[in-house]
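One structure is given here, and the rest of the page talks about it.
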Amino acid sequence: MSADNEKLVTDFCQAWSTKNTDEVLSYLAEDCFYHNIPMEPMVGHDAIRKFLEPFLRGADSVQFDILHTTSAGNVVMNERVDHFVMGEKKLSLPVAGVFEIQNGKIASWRDYFDLDTFNKQMNG
């Protein structure tokens with residue numbers, strides 16, 4: 001079970017490179033809880049789509065480099081670097097992700113990152 005859950009999360013992270021919001025959302029439960037810490041949490045495909053779509057639409061390329069993955073039961077954690085190229089702006093953001101899997105979908109997703117690092121790269 002843990003190996004299947006790890007594969008689901010890895011496939012989800014790789015799906016970002018397609019920049020296809022529908023494909024990315026297909027890995028999430030309809031009522032998925034997403035907390036992009038330190039931002040406000042959101043629940044459900046509509047709210048998550050509203051947040052993710054501008055990043056995917058505005059990106060020239062997206063790549064998640066997974067450095068480490070571990071799991072126990074229905075919880076998968078990964079350490080990764082998320083890369084976004086948006087015109088002249090290049091974002092490489094270290095992230096720790098925690099995913100809870102239910103019925104073959106991501107039911108809860110929390111990403112932890114440093115907001116100052118994000119802001120410096122996006123606004124610098």
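Naming scheme: A, B, ... for chains in displayed order of the structure tokens; residues 1 onward per chain; ligands 1 onward as shown.
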
### Message
Residues near Asn20 of chain A, anyone? I mean within 10 Å using only C-alpha atoms, not counting same-chain ones fewer than 4 positions away, as a PyMOL selection string.
### Response
chain A and resi 15-16+24-25+53+56-57

Could you save the residues just selected, with N, CA and C atoms, as an mmCIF file, in the first residue's frame?
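New file out.cif:
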data_model
loop_
_atom_site.group_PDB
_atom_site.id
_atom_site.type_symbol
_atom_site.label_atom_id
_atom_site.label_comp_id
_atom_site.auth_asym_id
_atom_site.auth_seq_id
_atom_site.Cartn_x
_atom_site.Cartn_y
_atom_site.Cartn_z
ATOM 1 N N ALA A 15 3.190 15.245 -12.894
ATOM 2 C CA ALA A 15 2.112 15.780 -13.734
ATOM 3 C C ALA A 15 2.198 17.299 -13.859
ATOM 4 N N TRP A 16 2.799 17.959 -12.901
ATOM 5 C CA TRP A 16 2.920 19.413 -12.974
ATOM 6 C C TRP A 16 3.658 19.865 -14.225
ATOM 7 N N VAL A 24 -3.433 17.692 -13.164
ATOM 8 C CA VAL A 24 -2.953 17.836 -11.790
ATOM 9 C C VAL A 24 -4.096 17.566 -10.809
ATOM 10 N N LEU A 25 -5.263 18.153 -11.055
ATOM 11 C CA LEU A 25 -6.412 17.966 -10.164
ATOM 12 C C LEU A 25 -6.917 16.522 -10.156
ATOM 13 N N GLU A 53 -4.161 27.434 -11.203
ATOM 14 C CA GLU A 53 -4.223 27.729 -12.637
ATOM 15 C C GLU A 53 -3.337 28.907 -13.063
ATOM 16 N N LEU A 56 0.256 27.631 -13.356
ATOM 17 C CA LEU A 56 0.464 26.724 -14.483
ATOM 18 C C LEU A 56 0.330 27.446 -15.819
ATOM 19 N N ARG A 57 -0.653 28.316 -15.933
ATOM 20 C CA ARG A 57 -0.876 29.043 -17.187
ATOM 21 C C ARG A 57 0.269 30.017 -17.462
#

### Message
Give me, as a PyMOL selection string, all polymer residues having an atom no more than 6 Å from segment 76-88 of chain A, counting only C-alpha atoms and skipping those fewer than 5 positions away in the same chain.
### Response
chain A and resi 59-71+93-99

Okay, now the selection with N, CA and C atoms, as a PDB file, in the first residue's frame?
ATOM      1  N   ALA A  59       3.400  29.806 -16.464  1.00  0.00           N
ATOM      2  CA  ALA A  59       4.736  29.211 -16.459  1.00  0.00           C
ATOM      3  C   ALA A  59       5.156  28.763 -17.854  1.00  0.00           C
ATOM      4  N   ASP A  60       6.404  29.042 -18.185  1.00  0.00           N
ATOM      5  CA  ASP A  60       6.997  28.485 -19.399  1.00  0.00           C
ATOM      6  C   ASP A  60       7.346  27.018 -19.179  1.00  0.00           C
ATOM      7  N   SER A  61       7.786  26.705 -17.960  1.00  0.00           N
ATOM      8  CA  SER A  61       8.074  25.321 -17.602  1.00  0.00           C
ATOM      9  C   SER A  61       7.912  25.131 -16.100  1.00  0.00           C
ATOM     10  N   VAL A  62       7.574  23.902 -15.725  1.00  0.00           N
ATOM     11  CA  VAL A  62       7.406  23.512 -14.327  1.00  0.00           C
ATOM     12  C   VAL A  62       8.058  22.152 -14.149  1.00  0.00           C
ATOM     13  N   GLN A  63       8.835  22.018 -13.104  1.00  0.00           N
ATOM     14  CA  GLN A  63       9.446  20.727 -12.804  1.00  0.00           C
ATOM     15  C   GLN A  63       9.601  20.594 -11.301  1.00  0.00           C
ATOM     16  N   PHE A  64       9.172  19.469 -10.774  1.00  0.00           N
ATOM     17  CA  PHE A  64       9.371  19.148  -9.362  1.00  0.00           C
ATOM     18  C   PHE A  64      10.470  18.094  -9.284  1.00  0.00           C
ATOM     19  N   ASP A  65      11.579  18.427  -8.637  1.00  0.00           N
ATOM     20  CA  ASP A  65      12.656  17.467  -8.412  1.00  0.00           C
ATOM     21  C   ASP A  65      12.489  16.888  -7.017  1.00  0.00           C
ATOM     22  N   ILE A  66      12.123  15.616  -6.948  1.00  0.00           N
ATOM     23  CA  ILE A  66      11.932  14.954  -5.664  1.00  0.00           C
ATOM     24  C   ILE A  66      13.286  14.445  -5.177  1.00  0.00           C
ATOM     25  N   LEU A  67      13.672  14.909  -3.992  1.00  0.00           N
ATOM     26  CA  LEU A  67      14.948  14.517  -3.411  1.00  0.00           C
ATOM     27  C   LEU A  67      14.814  13.291  -2.515  1.00  0.00           C
ATOM     28  N   HIS A  68      13.730  13.230  -1.739  1.00  0.00           N
ATOM     29  CA  HIS A  68      13.494  12.119  -0.823  1.00  0.00           C
ATOM     30  C   HIS A  68      11.998  11.876  -0.709  1.00  0.00           C
ATOM     31  N   THR A  69      11.634  10.608  -0.546  1.00  0.00           N
ATOM     32  CA  THR A  69      10.242  10.230  -0.309  1.00  0.00           C
ATOM     33  C   THR A  69      10.216   9.172   0.777  1.00  0.00           C
ATOM     34  N   THR A  70       9.257   9.300   1.673  1.00  0.00           N
ATOM     35  CA  THR A  70       9.036   8.274   2.685  1.00  0.00           C
ATOM     36  C   THR A  70       7.539   8.174   2.928  1.00  0.00           C
ATOM     37  N   SER A  71       7.125   7.024   3.458  1.00  0.00           N
ATOM     38  CA  SER A  71       5.698   6.868   3.715  1.00  0.00           C
ATOM     39  C   SER A  71       5.473   5.892   4.862  1.00  0.00           C
ATOM     40  N   LEU A  93      12.218  26.541  -5.486  1.00  0.00           N
ATOM     41  CA  LEU A  93      11.737  26.629  -4.119  1.00  0.00           C
ATOM     42  C   LEU A  93      11.849  25.277  -3.402  1.00  0.00           C
ATOM     43  N   PRO A  94      12.684  25.195  -2.351  1.00  0.00           N
ATOM     44  CA  PRO A  94      12.707  23.974  -1.546  1.00  0.00           C
ATOM     45  C   PRO A  94      11.376  23.805  -0.812  1.00  0.00           C
ATOM     46  N   VAL A  95      10.813  22.595  -0.882  1.00  0.00           N
ATOM     47  CA  VAL A  95       9.489  22.314  -0.324  1.00  0.00           C
ATOM     48  C   VAL A  95       9.524  20.963   0.389  1.00  0.00           C
ATOM     49  N   ALA A  96       8.800  20.884   1.499  1.00  0.00           N
ATOM     50  CA  ALA A  96       8.510  19.604   2.135  1.00  0.00           C
ATOM     51  C   ALA A  96       7.007  19.396   2.007  1.00  0.00           C
ATOM     52  N   GLY A  97       6.598  18.271   1.423  1.00  0.00           N
ATOM     53  CA  GLY A  97       5.180  17.996   1.194  1.00  0.00           C
ATOM     54  C   GLY A  97       4.706  16.822   2.030  1.00  0.00           C
ATOM     55  N   VAL A  98       3.497  16.962   2.556  1.00  0.00           N
ATOM     56  CA  VAL A  98       2.855  15.885   3.315  1.00  0.00           C
ATOM     57  C   VAL A  98       1.516  15.609   2.641  1.00  0.00           C
ATOM     58  N   PHE A  99       1.311  14.351   2.256  1.00  0.00           N
ATOM     59  CA  PHE A  99       0.127  13.949   1.506  1.00  0.00           C
ATOM     60  C   PHE A  99      -0.567  12.812   2.245  1.00  0.00           C
TER      61      PHE A  99
END

### Task
Would you kindly return, as a ChimeraX atom specification, each protein, DNA or RNA residue with an atom no farther than 12 Å from any atom of His35 of chain A, considering only C-alpha atoms and excluding same-chain residues fewer than 4 positions away?
/A:39-44,47-48,51,97-99,107-113

### Surrounding residues of Gly73 of chain A excluding itself and chain neighbours under 5 positions, 12 Å, only C-alpha atoms, as a list in words
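Residues meeting the cut-off are Met1, Ser2, Ala3, Asp4, Asn5, Glu6, Phe99, Glu100, Ile101 and Gln102 of chain A.
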
### Query
Between atom CA of Lys19 of chain A and atom CA of Lys120 of chain A, what is the spacing in Å?
23.4 Å

### Task
Could you please write out, as a ChimeraX atom specification, every residue of chain A that DSSP assigns to alpha helix (DSSP H)?
/A:2-15,21-25,45-58,115-123

### Task
Have a look at A:Ala72, A:Met122, A:Leu8, A:Leu52 and name the one nearest to Lys89 of chain A; count only C-alpha atoms.
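With only C-alpha atoms as the atom set, the closest residue is A:Met122.
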